[in-house]
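Q: Dropping a structure here in structure tokens format, bear with me for questions.
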Amino acid sequence: FELRQRETKQRASFRNMMLNNQLPETEKRFCCILDPQSDVRLYWDSMGLVMLCYDVFMTPLDLIVNDDSGWARCIGYIINGFWTLDIFLNFRTGFFNEAELIMDWKTIAKTYLSNWLLFDLIIILPDWVTILLEQDENVRDKFSAVRV
């Protein structure tokens, strides 16, 4: 019973802080860091899943058909832009270390740099190189094999 009362008081004090726009100093410092369980991050990750499904289906098809239509190129730009923005967003998204939510931007950057950044760059850079060099058809054909 006491535990329930304490939880109720904590919720009420949090609610009052939010209504009065009074955040603790630690929360004010990290206002630009996204909570990994926020709705914004959920929507972003859902869009990432859609982009990934498109890539999984269309990349092999593009290698077979080699369609250079305007809509396919436009969608390619959008997808590459999305994954590039995702790299920057990952620097501004908190994470869980065991059961603790980490919202410190230095710790987030250090963790992302040491874990996922290299993988993300290896995935996105060949696409951008291919897009930048696609004016020359011989160069494009050579780099399309790297994309796979």
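Residue numbers start at 1 in each chain; chains themselves are named A, B, ... in the order of the structure tokens; ligands are numbered from 1 in the order shown.
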What's around Phe82 in chain A at 10 Å? Count only C-alpha atoms, leave out sequence neighbours fewer than 3 positions away in its own chain, and write the answer as a list of chain:residue names.

A: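 These residues fall inside the cut-off: A:Trp44, A:Met47, A:Gly48, A:Met51, A:Gly76, A:Tyr77, A:Ile78, A:Ile79, A:Leu85, A:Asp86, A:Ile87.
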
Q: Run DSSP on the backbone and grab whatever in range 30-122 of chain A lands in strand (DSSP E or B); send it over as JSON, numbers by chain.

A: {"A": [34, 93, 95, 96, 97, 100, 101, 102]}

Q: Give me, as CSV, each residue of range 41-93 of chain A that comes within 10 Å of range 115-121 of chain A, together with its shortest interatomic pair and the distance in Å at one decimal, counting only C-alpha atoms, with rows ordered by chain and rising residue number.

A:
residue,atom,partner,partner_atom,distance
A:Trp83,CA,A:Asp120,CA,8.3
A:Thr84,CA,A:Asp120,CA,8.7
A:Asp86,CA,A:Asp120,CA,9.1
A:Ile87,CA,A:Asp120,CA,7.1
A:Phe88,CA,A:Leu117,CA,9.9
A:Asn90,CA,A:Leu117,CA,9.0
A:Phe91,CA,A:Leu117,CA,9.5

Q: Find the distance between CA of Tyr112 in chain A and CA of Arg41 in chain A and write it in Å to one decimal.

A: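 Separating CA of Tyr112 in chain A from CA of Arg41 in chain A is a distance of 16.2 Å.
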
Q: Let me make sure I understand: among A:Leu101, A:Leu125, A:Ile108, A:Ile131, which one has the smallest atom-to-atom distance to Gln37 in chain A if we use only C-alpha atoms?

A: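 The answer is A:Leu101, which sits nearest to Gln37 in chain A.
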